[in-house]
Every structure is written in C-alpha cells, then in structure tokens.
$ cat entry-v9.cif   # mmCIF, C-alpha atoms, pLDDT in the B column; chains and numbers go by the auth columns
data_run
loop_
_atom_site.group_PDB
_atom_site.id
_atom_site.type_symbol
_atom_site.label_atom_id
_atom_site.label_comp_id
_atom_site.label_asym_id
_atom_site.label_seq_id
_atom_site.Cartn_x
_atom_site.Cartn_y
_atom_site.Cartn_z
_atom_site.B_iso_or_equiv
_atom_site.auth_seq_id
_atom_site.auth_asym_id
ATOM 1 C CA MET A 1 121.444 73.204 -75.498 47.00 1 A
ATOM 2 C CA ASP A 2 118.080 74.439 -74.255 51.00 2 A
ATOM 3 C CA TYR A 3 116.368 71.062 -74.289 58.00 3 A
ATOM 4 C CA LEU A 4 119.251 69.582 -72.285 55.00 4 A
ATOM 5 C CA GLY A 5 118.899 72.222 -69.583 53.00 5 A
ATOM 6 C CA PHE A 6 115.167 71.592 -69.545 56.00 6 A
ATOM 7 C CA LEU A 7 115.701 67.874 -68.969 57.00 7 A
ATOM 8 C CA ILE A 8 118.242 68.565 -66.233 54.00 8 A
ATOM 9 C CA GLY A 9 115.734 70.839 -64.514 54.00 9 A
ATOM 10 C CA ILE A 10 113.023 68.186 -64.647 61.00 10 A
ATOM 11 C CA GLY A 11 115.462 65.602 -63.275 59.00 11 A
ATOM 12 C CA GLY A 12 116.343 67.899 -60.399 53.00 12 A
ATOM 13 C CA LEU A 13 112.689 68.454 -59.554 58.00 13 A
ATOM 14 C CA ALA A 14 112.010 64.705 -59.659 63.00 14 A
ATOM 15 C CA LEU A 15 114.917 63.964 -57.319 57.00 15 A
ATOM 16 C CA THR A 16 113.726 66.714 -54.971 54.00 16 A
ATOM 17 C CA ALA A 17 110.243 65.147 -54.939 63.00 17 A
ATOM 18 C CA ILE A 18 111.741 61.766 -54.100 60.00 18 A
ATOM 19 C CA ALA A 19 113.758 63.237 -51.244 54.00 19 A
ATOM 20 C CA THR A 20 110.625 64.954 -49.905 56.00 20 A
ATOM 21 C CA VAL A 21 108.588 61.736 -50.030 62.00 21 A
ATOM 22 C CA LEU A 22 111.344 59.808 -48.260 57.00 22 A
ATOM 23 C CA THR A 23 111.580 62.444 -45.548 53.00 23 A
ATOM 24 C CA VAL A 24 107.834 62.494 -44.902 58.00 24 A
ATOM 25 C CA VAL A 25 107.235 58.746 -45.129 57.00 25 A
ATOM 26 C CA LEU A 26 110.295 57.297 -43.428 53.00 26 A
ATOM 27 C CA HIS A 27 110.975 59.899 -40.731 53.00 27 A
ATOM 28 C CA LYS A 28 107.580 60.485 -39.154 62.00 28 A
ATOM 29 C CA SER A 29 108.105 60.667 -35.396 75.00 29 A
ATOM 30 C CA VAL A 30 104.606 59.584 -34.225 78.00 30 A
ATOM 31 C CA ARG A 31 102.914 56.678 -36.014 83.00 31 A
ATOM 32 C CA PRO A 32 100.427 54.597 -33.953 89.00 32 A
ATOM 33 C CA LEU A 33 99.072 51.681 -35.981 89.00 33 A
ATOM 34 C CA TYR A 34 96.575 48.918 -35.270 90.00 34 A
ATOM 35 C CA LEU A 35 95.488 45.571 -36.673 91.00 35 A
ATOM 36 C CA ILE A 36 92.518 43.388 -35.727 91.00 36 A
ATOM 37 C CA ASP A 37 91.737 39.752 -36.411 89.00 37 A
ATOM 38 C CA ILE A 38 88.380 38.206 -35.520 86.00 38 A
ATOM 39 C CA SER A 39 87.336 34.542 -35.500 83.00 39 A
ATOM 40 C CA LYS A 40 83.995 32.870 -34.873 78.00 40 A
ATOM 41 C CA PHE A 41 84.025 29.760 -32.694 72.00 41 A
ATOM 42 C CA GLY A 42 80.497 28.782 -33.644 60.00 42 A
ATOM 43 C CA GLY A 43 77.029 28.813 -32.207 54.00 43 A
ATOM 44 C CA ILE A 44 74.394 26.499 -30.826 53.00 44 A
ATOM 45 C CA GLU A 45 73.323 24.494 -33.853 61.00 45 A
ATOM 46 C CA HIS A 46 72.743 21.082 -32.259 62.00 46 A
ATOM 47 C CA PRO A 47 69.982 20.581 -29.663 64.00 47 A
ATOM 48 C CA ASP A 48 72.303 18.547 -27.415 68.00 48 A
ATOM 49 C CA ILE A 49 75.532 20.554 -27.888 68.00 49 A
ATOM 50 C CA GLY A 50 76.098 24.171 -26.986 71.00 50 A
ATOM 51 C CA ILE A 51 78.599 26.779 -25.816 77.00 51 A
ATOM 52 C CA THR A 52 78.368 28.204 -22.312 77.00 52 A
ATOM 53 C CA PHE A 53 80.190 30.922 -20.423 79.00 53 A
ATOM 54 C CA LYS A 54 80.186 30.502 -16.644 82.00 54 A
ATOM 55 C CA GLY A 55 77.164 28.256 -16.987 79.00 55 A
ATOM 56 C CA ASP A 56 75.130 30.565 -19.215 80.00 56 A
ATOM 57 C CA PRO A 57 74.392 29.649 -22.871 77.00 57 A
ATOM 58 C CA VAL A 58 76.208 31.712 -25.491 78.00 58 A
ATOM 59 C CA PRO A 59 74.405 32.026 -28.844 74.00 59 A
ATOM 60 C CA ASN A 60 77.463 32.986 -30.935 80.00 60 A
ATOM 61 C CA LEU A 61 81.027 33.180 -29.655 84.00 61 A
ATOM 62 C CA TYR A 62 83.747 35.335 -31.218 87.00 62 A
ATOM 63 C CA VAL A 63 87.354 36.137 -30.312 89.00 63 A
ATOM 64 C CA LEU A 64 88.857 39.431 -31.363 92.00 64 A
ATOM 65 C CA ARG A 65 92.652 39.832 -31.258 93.00 65 A
ATOM 66 C CA PHE A 66 94.176 43.270 -31.618 93.00 66 A
ATOM 67 C CA VAL A 67 97.605 44.868 -31.804 93.00 67 A
ATOM 68 C CA LEU A 68 98.203 48.585 -31.270 94.00 68 A
ATOM 69 C CA TRP A 69 101.878 49.290 -31.914 93.00 69 A
ATOM 70 C CA ASN A 70 104.210 52.243 -32.162 91.00 70 A
ATOM 71 C CA ALA A 71 105.706 52.277 -35.663 87.00 71 A
ATOM 72 C CA GLY A 72 107.147 55.780 -35.275 84.00 72 A
ATOM 73 C CA LYS A 73 110.470 57.120 -34.064 83.00 73 A
ATOM 74 C CA LYS A 74 109.179 58.692 -30.850 86.00 74 A
ATOM 75 C CA GLU A 75 107.797 56.966 -27.751 89.00 75 A
ATOM 76 C CA ILE A 76 104.073 57.269 -26.980 90.00 76 A
ATOM 77 C CA ARG A 77 103.249 57.885 -23.314 91.00 77 A
ATOM 78 C CA SER A 78 100.076 57.811 -21.270 89.00 78 A
ATOM 79 C CA GLU A 79 99.893 61.616 -21.313 91.00 79 A
ATOM 80 C CA ASP A 80 99.640 61.398 -25.105 91.00 80 A
ATOM 81 C CA LEU A 81 96.351 59.493 -24.791 90.00 81 A
ATOM 82 C CA PRO A 82 93.247 61.699 -25.044 89.00 82 A
ATOM 83 C CA ASN A 83 90.308 61.034 -22.749 86.00 83 A
ATOM 84 C CA PRO A 84 88.530 57.680 -23.266 80.00 84 A
ATOM 85 C CA LYS A 85 85.968 59.277 -25.578 83.00 85 A
ATOM 86 C CA ALA A 86 88.705 60.234 -28.075 88.00 86 A
ATOM 87 C CA GLY A 87 91.538 57.790 -27.319 90.00 87 A
ATOM 88 C CA PRO A 88 92.196 54.455 -29.073 93.00 88 A
ATOM 89 C CA ARG A 89 89.232 52.152 -28.596 93.00 89 A
ATOM 90 C CA ILE A 90 87.235 49.347 -30.183 93.00 90 A
ATOM 91 C CA LYS A 91 83.519 49.977 -30.545 92.00 91 A
ATOM 92 C CA PHE A 92 81.136 46.992 -30.541 90.00 92 A
ATOM 93 C CA ASP A 93 77.565 47.064 -31.768 86.00 93 A
ATOM 94 C CA SER A 94 74.698 47.153 -29.294 82.00 94 A
ATOM 95 C CA GLY A 95 73.935 43.467 -29.881 82.00 95 A
ATOM 96 C CA SER A 96 77.388 42.328 -28.702 86.00 96 A
ATOM 97 C CA LYS A 97 78.219 41.338 -25.144 87.00 97 A
ATOM 98 C CA VAL A 98 81.824 41.118 -23.954 87.00 98 A
ATOM 99 C CA LEU A 99 82.510 37.955 -21.924 88.00 99 A
ATOM 100 C CA SER A 100 86.238 38.040 -21.206 87.00 100 A
ATOM 101 C CA GLN A 101 89.258 40.168 -22.065 89.00 101 A
ATOM 102 C CA LEU A 102 93.019 40.300 -21.519 86.00 102 A
ATOM 103 C CA ALA A 103 95.644 42.872 -22.498 88.00 103 A
ATOM 104 C CA TYR A 104 99.425 43.089 -22.282 84.00 104 A
ATOM 105 C CA SER A 105 101.990 45.741 -23.258 84.00 105 A
ATOM 106 C CA SER A 106 105.258 44.444 -24.702 76.00 106 A
ATOM 107 C CA THR A 107 107.282 47.009 -22.746 69.00 107 A
ATOM 108 C CA GLY A 108 107.351 44.439 -19.927 67.00 108 A
ATOM 109 C CA ASP A 109 105.642 46.583 -17.276 68.00 109 A
ATOM 110 C CA ASP A 110 102.182 45.003 -17.668 72.00 110 A
ATOM 111 C CA THR A 111 100.458 48.397 -17.717 80.00 111 A
ATOM 112 C CA GLY A 112 98.342 47.624 -20.765 83.00 112 A
ATOM 113 C CA LYS A 113 94.650 47.641 -19.870 88.00 113 A
ATOM 114 C CA ILE A 114 91.200 47.437 -21.418 90.00 114 A
ATOM 115 C CA THR A 115 88.345 49.323 -19.802 89.00 115 A
ATOM 116 C CA PHE A 116 84.779 49.351 -21.093 88.00 116 A
ATOM 117 C CA SER A 117 82.616 52.434 -21.401 86.00 117 A
ATOM 118 C CA LYS A 118 78.834 52.579 -21.180 83.00 118 A
ATOM 119 C CA HIS A 119 78.800 52.918 -24.969 84.00 119 A
ATOM 120 C CA ASN A 120 80.083 49.339 -25.391 87.00 120 A
ATOM 121 C CA GLU A 121 83.576 50.535 -26.279 91.00 121 A
ATOM 122 C CA ALA A 122 86.823 48.825 -25.235 92.00 122 A
ATOM 123 C CA CYS A 123 89.177 51.694 -24.308 92.00 123 A
ATOM 124 C CA LEU A 124 92.894 50.856 -24.595 92.00 124 A
ATOM 125 C CA THR A 125 95.405 52.372 -22.169 91.00 125 A
ATOM 126 C CA PHE A 126 99.091 51.932 -21.287 91.00 126 A
ATOM 127 C CA ASP A 127 101.921 53.793 -19.562 90.00 127 A
ATOM 128 C CA TYR A 128 104.209 54.024 -22.589 89.00 128 A
ATOM 129 C CA LEU A 129 105.096 52.350 -25.870 91.00 129 A
ATOM 130 C CA ASN A 130 108.633 52.721 -27.180 89.00 130 A
ATOM 131 C CA LYS A 131 109.447 52.259 -30.869 88.00 131 A
ATOM 132 C CA ASP A 132 108.099 48.856 -32.042 87.00 132 A
ATOM 133 C CA ASP A 133 106.407 48.192 -28.665 90.00 133 A
ATOM 134 C CA ALA A 134 102.735 47.258 -28.678 92.00 134 A
ATOM 135 C CA LEU A 135 99.613 46.738 -26.650 92.00 135 A
ATOM 136 C CA ILE A 136 98.130 43.354 -27.541 91.00 136 A
ATOM 137 C CA GLY A 137 94.986 41.669 -26.321 91.00 137 A
ATOM 138 C CA GLU A 138 92.082 39.302 -26.806 92.00 138 A
ATOM 139 C CA ILE A 139 88.400 40.028 -26.307 92.00 139 A
ATOM 140 C CA TYR A 140 85.864 37.195 -26.227 90.00 140 A
ATOM 141 C CA PHE A 141 82.302 38.298 -26.906 90.00 141 A
ATOM 142 C CA SER A 142 78.937 37.006 -28.031 86.00 142 A
ATOM 143 C CA SER A 143 76.772 38.622 -30.659 82.00 143 A
ATOM 144 C CA ALA A 144 73.097 38.397 -31.545 75.00 144 A
ATOM 145 C CA ASP A 145 74.107 38.527 -35.208 71.00 145 A
ATOM 146 C CA GLU A 146 74.605 34.946 -36.371 65.00 146 A
ATOM 147 C CA GLU A 147 76.635 35.887 -39.437 65.00 147 A
ATOM 148 C CA ASN A 148 78.754 38.940 -38.631 66.00 148 A
ATOM 149 C CA ALA A 149 79.670 40.852 -35.507 75.00 149 A
ATOM 150 C CA GLU A 150 79.968 44.589 -36.104 80.00 150 A
ATOM 151 C CA PHE A 151 82.881 46.538 -34.611 85.00 151 A
ATOM 152 C CA GLU A 152 85.275 49.335 -35.552 90.00 152 A
ATOM 153 C CA PHE A 153 88.567 50.792 -34.310 92.00 153 A
ATOM 154 C CA LEU A 154 88.365 54.472 -33.364 91.00 154 A
ATOM 155 C CA GLY A 155 90.445 57.168 -31.742 89.00 155 A
ATOM 156 C CA SER A 156 93.775 58.940 -31.898 89.00 156 A
ATOM 157 C CA ILE A 157 97.008 59.701 -30.079 90.00 157 A
ATOM 158 C CA LYS A 158 97.915 63.330 -29.449 86.00 158 A
ATOM 159 C CA GLY A 159 99.776 64.406 -32.565 82.00 159 A
ATOM 160 C CA ALA A 160 98.619 61.568 -34.813 84.00 160 A
ATOM 161 C CA LYS A 161 95.605 59.555 -35.900 86.00 161 A
ATOM 162 C CA VAL A 162 95.601 55.826 -35.227 89.00 162 A
ATOM 163 C CA LYS A 163 95.733 54.168 -38.644 88.00 163 A
ATOM 164 C CA LYS A 164 95.379 50.607 -39.841 88.00 164 A
ATOM 165 C CA GLY A 165 98.646 48.807 -40.494 87.00 165 A
ATOM 166 C CA LEU A 166 99.541 46.090 -42.979 82.00 166 A
ATOM 167 C CA ILE A 167 99.787 42.406 -42.111 79.00 167 A
ATOM 168 C CA GLU A 168 101.198 41.359 -45.493 70.00 168 A
ATOM 169 C CA SER A 169 103.640 43.103 -47.808 57.00 169 A
ATOM 170 C CA ARG A 170 102.578 44.269 -51.216 51.00 170 A
ATOM 171 C CA THR A 171 103.369 41.875 -54.053 47.00 171 A
ATOM 172 C CA ALA A 172 106.707 42.220 -55.779 43.00 172 A
ATOM 173 C CA THR A 173 104.953 42.601 -59.152 43.00 173 A
ATOM 174 C CA ASN A 174 104.428 46.269 -58.291 51.00 174 A
ATOM 175 C CA ILE A 175 108.134 46.810 -58.984 52.00 175 A
ATOM 176 C CA VAL A 176 107.576 45.876 -62.651 57.00 176 A
ATOM 177 C CA TRP A 177 105.595 49.010 -63.416 57.00 177 A
ATOM 178 C CA PRO A 178 108.414 51.474 -62.590 58.00 178 A
ATOM 179 C CA LEU A 179 110.728 49.494 -64.874 58.00 179 A
ATOM 180 C CA VAL A 180 108.184 49.425 -67.711 62.00 180 A
ATOM 181 C CA ILE A 181 107.457 53.143 -67.447 62.00 181 A
ATOM 182 C CA SER A 182 111.158 54.025 -67.251 60.00 182 A
ATOM 183 C CA GLY A 183 111.911 51.870 -70.300 61.00 183 A
ATOM 184 C CA PHE A 184 109.091 53.562 -72.219 64.00 184 A
ATOM 185 C CA LEU A 185 110.437 56.988 -71.190 63.00 185 A
ATOM 186 C CA ILE A 186 113.939 56.159 -72.444 61.00 186 A
ATOM 187 C CA PHE A 187 112.611 54.753 -75.736 61.00 187 A
ATOM 188 C CA SER A 188 110.311 57.740 -76.354 62.00 188 A
ATOM 189 C CA THR A 189 112.957 60.339 -75.499 62.00 189 A
ATOM 190 C CA PHE A 190 115.610 58.851 -77.738 60.00 190 A
ATOM 191 C CA GLY A 191 113.114 58.301 -80.543 59.00 191 A
ATOM 192 C CA TYR A 192 111.999 61.909 -80.353 58.00 192 A
ATOM 193 C CA ALA A 193 115.558 63.235 -80.143 59.00 193 A
ATOM 194 C CA SER A 194 116.791 61.156 -83.104 58.00 194 A
ATOM 195 C CA THR A 195 114.035 62.485 -85.381 58.00 195 A
ATOM 196 C CA THR A 196 114.120 66.096 -84.151 57.00 196 A
ATOM 197 C CA PHE A 197 117.792 66.977 -83.690 58.00 197 A
ATOM 198 C CA PRO A 198 119.984 66.338 -86.774 58.00 198 A
ATOM 199 C CA HIS A 199 123.189 66.288 -84.751 57.00 199 A
ATOM 200 C CA PHE A 200 121.879 63.790 -82.215 53.00 200 A
ATOM 201 C CA THR A 201 124.238 61.085 -83.457 55.00 201 A
ATOM 202 C CA ASN A 202 127.204 63.259 -82.509 58.00 202 A
ATOM 203 C CA GLY A 203 129.099 61.422 -79.727 56.00 203 A
ATOM 204 C CA SER A 204 129.133 64.232 -77.139 61.00 204 A
ATOM 205 C CA VAL A 205 125.465 65.085 -77.680 61.00 205 A
ATOM 206 C CA PHE A 206 124.493 61.427 -77.419 61.00 206 A
ATOM 207 C CA LEU A 207 126.413 61.033 -74.145 62.00 207 A
ATOM 208 C CA ASP A 208 124.863 64.172 -72.637 61.00 208 A
ATOM 209 C CA VAL A 209 121.328 63.188 -73.565 63.00 209 A
ATOM 210 C CA PHE A 210 121.838 59.588 -72.480 65.00 210 A
ATOM 211 C CA THR A 211 123.147 60.684 -69.074 64.00 211 A
ATOM 212 C CA VAL A 212 120.264 63.062 -68.426 63.00 212 A
ATOM 213 C CA VAL A 213 117.573 60.641 -69.619 65.00 213 A
ATOM 214 C CA PHE A 214 119.092 57.765 -67.667 65.00 214 A
ATOM 215 C CA PHE A 215 119.063 59.658 -64.384 62.00 215 A
ATOM 216 C CA LEU A 216 115.630 61.122 -65.081 64.00 216 A
ATOM 217 C CA SER A 217 114.280 57.630 -65.738 64.00 217 A
ATOM 218 C CA LEU A 218 115.954 56.368 -62.593 62.00 218 A
ATOM 219 C CA ALA A 219 114.288 59.186 -60.665 63.00 219 A
ATOM 220 C CA VAL A 220 110.866 58.254 -62.051 64.00 220 A
ATOM 221 C CA ALA A 221 111.416 54.563 -61.302 62.00 221 A
ATOM 222 C CA SER A 222 112.539 55.393 -57.773 60.00 222 A
ATOM 223 C CA PHE A 223 109.519 57.584 -57.167 61.00 223 A
ATOM 224 C CA LEU A 224 107.114 54.914 -58.408 60.00 224 A
ATOM 225 C CA SER A 225 108.870 52.253 -56.348 59.00 225 A
ATOM 226 C CA ILE A 226 108.427 54.439 -53.287 56.00 226 A
ATOM 227 C CA ARG A 227 104.764 54.921 -54.138 57.00 227 A
ATOM 228 C CA PHE A 228 104.030 51.216 -54.548 57.00 228 A
ATOM 229 C CA ASN A 229 106.546 49.472 -52.295 56.00 229 A
ATOM 230 C CA VAL A 230 108.776 51.452 -49.943 53.00 230 A
ATOM 231 C CA ARG A 231 105.807 53.470 -48.731 55.00 231 A
ATOM 232 C CA SER A 232 104.242 50.312 -47.267 62.00 232 A
ATOM 233 C CA ILE A 233 107.267 49.254 -45.196 64.00 233 A
ATOM 234 C CA PRO A 234 106.670 51.602 -42.196 67.00 234 A
ATOM 235 C CA PHE A 235 103.120 50.230 -41.925 79.00 235 A
ATOM 236 C CA MET A 236 104.118 46.551 -41.732 81.00 236 A
ATOM 237 C CA VAL A 237 103.281 44.818 -38.436 86.00 237 A
ATOM 238 C CA PRO A 238 106.409 43.286 -36.792 86.00 238 A
ATOM 239 C CA GLU A 239 106.588 39.513 -37.161 87.00 239 A
ATOM 240 C CA ARG A 240 105.961 38.671 -33.470 88.00 240 A
ATOM 241 C CA TYR A 241 102.699 40.646 -33.478 89.00 241 A
ATOM 242 C CA ARG A 242 101.679 39.123 -36.785 89.00 242 A
ATOM 243 C CA GLU A 243 102.116 35.647 -35.274 89.00 243 A
ATOM 244 C CA PHE A 244 99.929 36.624 -32.319 89.00 244 A
ATOM 245 C CA LEU A 245 97.135 37.870 -34.591 89.00 245 A
ATOM 246 C CA ILE A 246 97.151 34.684 -36.647 87.00 246 A
ATOM 247 C CA ASP A 247 98.074 31.972 -34.116 87.00 247 A
ATOM 248 C CA GLY A 248 96.747 33.320 -30.810 84.00 248 A
ATOM 249 C CA LEU A 249 97.686 30.934 -27.982 81.00 249 A
ATOM 250 C CA ASP A 250 99.996 29.025 -30.301 83.00 250 A
ATOM 251 C CA SER A 251 102.273 32.086 -30.557 85.00 251 A
ATOM 252 C CA ASP A 252 104.911 33.109 -27.994 84.00 252 A
ATOM 253 C CA LEU A 253 103.044 36.330 -27.156 83.00 253 A
ATOM 254 C CA GLY A 254 99.769 34.440 -26.861 81.00 254 A
ATOM 255 C CA LEU A 255 101.250 32.066 -24.294 80.00 255 A
ATOM 256 C CA TYR A 256 102.780 34.971 -22.395 77.00 256 A
ATOM 257 C CA LEU A 257 99.459 36.791 -22.385 74.00 257 A
ATOM 258 C CA TYR A 258 97.774 33.978 -20.441 74.00 258 A
ATOM 259 C CA ASN A 259 100.715 32.965 -18.249 74.00 259 A
ATOM 260 C CA ASN A 260 101.243 36.404 -16.688 65.00 260 A
#
$ encode --input "entry-v9.cif" --output "structure tokens"
Amino acid sequence: MDYLGFLIGIGGLALTAIATVLTVVLHKSVRPLYLIDISKFGGIEHPDIGITFKGDPVPNLYVLRFVLWNAGKKEIRSEDLPNPKAGPRIKFDSGSKVLSQLAYSSTGDDTGKITFSKHNEACLTFDYLNKDDALIGEIYFSSADEENAEFEFLGSIKGAKVKKGLIESRTATNIVWPLVISGFLIFSTFGYASTTFPHFTNGSVFLDVFTVVFFLSLAVASFLSIRFNVRSIPFMVPERYREFLIDGLDSDLGLYLYNN
C-alpha cells in the first residue's frame, strides 16, 4: 500500500532526526558553561550606621558568586584559553569598584585565579578543568548605582563559546505536550484512514497501520521531549555548585573557598 510506505518513510526520517539531535546535544566534547548570582548587602541609609571596607565608607556593597564549569566530555586546559581580551571574563560597569575577590578550581590544584584588566574586567584563568570540574569564586564590589549593578559575562574557550547554564530544571509539565500531540496524531490518522480506505477494518490492514502510526507518534513524542526536556539536562549546574551559588559560605565549597 502506497500510503503505508509513505508513513514508514516519514517514521524513518523522524527517527533519524531524533538520533541526530541526540548525537549533537548529548555528545558535544567541549561545553563550558557559567552561572552568576549577585546579592546586595545594603547601603548607608542611616546617619549613624554604615558599611566600611578597610576603614573607608562603602556606598553600596554587592557580592557576586560565579561558577564556570566544564559540562562537556573533553577536558579544558589553560592552552585552550584565549588571551585575556577574549577569554572568559566578567565585565563590570565603570561605576563599580572591586573590593575583594577569591577563586578556587575544584580540580584540587588551586590554580584558579581572577586577574583584573584596566577595562574593569575580571579575567578567569585555570590550569585545567576535567569533566564536571569548575572554577568558582566570589567578588565583593561597590557600585555608584543604588538600585542595580551592571555586569556581564563575556568570552570563549577555544573551540566553543561560553554559554549560560541552568540552575533549575524545566517543569515536568513540558512532557504533557508531546503526549497531547501524539494522541492527536493517532486520532487524526485513524479517523482519516477509516473514512478514506474502505478496507481499513480488515485485520491485517488495521495492524499494519496501527504499528506504523504508533511508532511514528512515539518518534514525534520523543523528539518533542528532547526539545523541551532532555535538551536541558547537559546544561544543568551540578548540585554542589548550585549550593555554592545559593548558600555561599553556608555551602561546603563556600567554606573550602575561605579555608584554603
């Protein structure tokens, strides 16, 4: 039957597309990701109470925590870092002044460092980051802006751009849409076939069409699940780095950062 061969062909193409997406998304060898969390401690709002740093008044105090981790399959080494002008770095606005900073690489060699350029950029360096290793750090700074401190993460690793990761997983409700669409596809296909082909109720024809439509629907559902859910998994920050971003000194990595 021509229509059956057509459906089989579409199913094959859909499964090929799924395999391609899985290969690209889940087997990328170089994937440097970053996340940043910033908190404001407050400013001088009371005439008798203020914040000082080494004896000098601080108008507005912020702490910026960052994680730069290797979510890929291949290690990232210092030779993969471009020069400071193009490498991973955090750029502050001209009204911000860095007061204190600390960095640590989870590889255990303590090679993670922050150096500042004349353009008010915090350049991040390390010797190497194996899979799931990270460079973490805290930067305390003041800003002339009382409401918001402006900053941005820039730069790349040789072979890959540094992209923003995910701190929370996507909601499970995204899985509903593949099921709804697949159910609609099955209903529409069988409705069309029952009104178009007079011998559709024949047992062998029914089984053939059901098999093809079932696997085609499964392929569509799988593809949509990849698009909305599985695709996000490689970009999820590991739990220990997530705790550091949220809890700071109250996390295990935060305590280690200041005790070493």
$ resolve_selection --input "entry-v9.cif" --expression "the PyMOL selection byres ((chain A and resi 138) around 10)" --output "list of chain:residue names"
A:Ile36, A:Asp37, A:Ile38, A:Val63, A:Leu64, A:Arg65, A:Phe66, A:Val67, A:Ser100, A:Gln101, A:Leu102, A:Ala103, A:Tyr104, A:Ile114, A:Ile136, A:Gly137, A:Ile139, A:Tyr140, A:Phe141, A:Phe244, A:Leu245, A:Gly248, A:Gly254, A:Leu257
$ resolve_selection --input "entry-v9.cif" --expression "the PyMOL selection byres ((chain A and resi 95) around 6)" --output "list of chain:residue names"
A:Asp93, A:Ser94, A:Ser96, A:Ser143, A:Ala144
$ closest_residue --input "entry-v9.cif" --among "A:Asp250, A:Lys158, A:Ala134, A:Ile90" --to "Asp110 of chain A" --atoms "only C-alpha atoms"
A:Ala134
$ closest_residue --input "entry-v9.cif" --among "A:Leu99, A:Leu249, A:Ala122, A:Leu68" --to "Glu152 of chain A" --atoms "all atoms listed in the file"
A:Ala122
$ atom_distance --input "entry-v9.cif" --atom1 "atom CA of Ser251 of chain A" --atom2 "atom CA of Ser156 of chain A"
28.2 Å
$ closest_residue --input "entry-v9.cif" --among "A:Ser39, A:Leu124, A:Tyr256, A:Lys161" --to "Pro88 of chain A" --atoms "only C-alpha atoms"
A:Leu124
$ closest_residue --input "entry-v9.cif" --among "A:Asp145, A:Lys163, A:Phe92, A:Val58" --to "Ala71 of chain A" --atoms "all atoms listed in the file"
A:Lys163
$ atom_distance --input "entry-v9.cif" --atom1 "atom CA of Ser29 of chain A" --atom2 "atom CA of Ile246 of chain A"
28.2 Å
$ closest_residue --input "entry-v9.cif" --among "A:Thr111, A:Ser117, A:Ser142, A:Thr125" --to "Pro82 of chain A" --atoms "all atoms listed in the file"
A:Thr125
$ atom_distance --input "entry-v9.cif" --atom1 "atom CA of Pro32 of chain A" --atom2 "atom CA of Ser78 of chain A"
13.1 Å
$ resolve_selection --input "entry-v9.cif" --expression "the PyMOL selection byres ((chain A and resi 132) around 7)" --output "short mmCIF file (atom, residue, chain, number, x, y, z; two decimals) with C-alpha atoms, keeping the file's coordinate frame"
data_model
loop_
_atom_site.label_atom_id
_atom_site.label_comp_id
_atom_site.auth_asym_id
_atom_site.auth_seq_id
_atom_site.Cartn_x
_atom_site.Cartn_y
_atom_site.Cartn_z
CA TRP A 69 101.88 49.29 -31.91
CA ASN A 70 104.21 52.24 -32.16
CA ALA A 71 105.71 52.28 -35.66
CA ASN A 130 108.63 52.72 -27.18
CA LYS A 131 109.45 52.26 -30.87
CA ASP A 133 106.41 48.19 -28.66
CA ALA A 134 102.74 47.26 -28.68
#
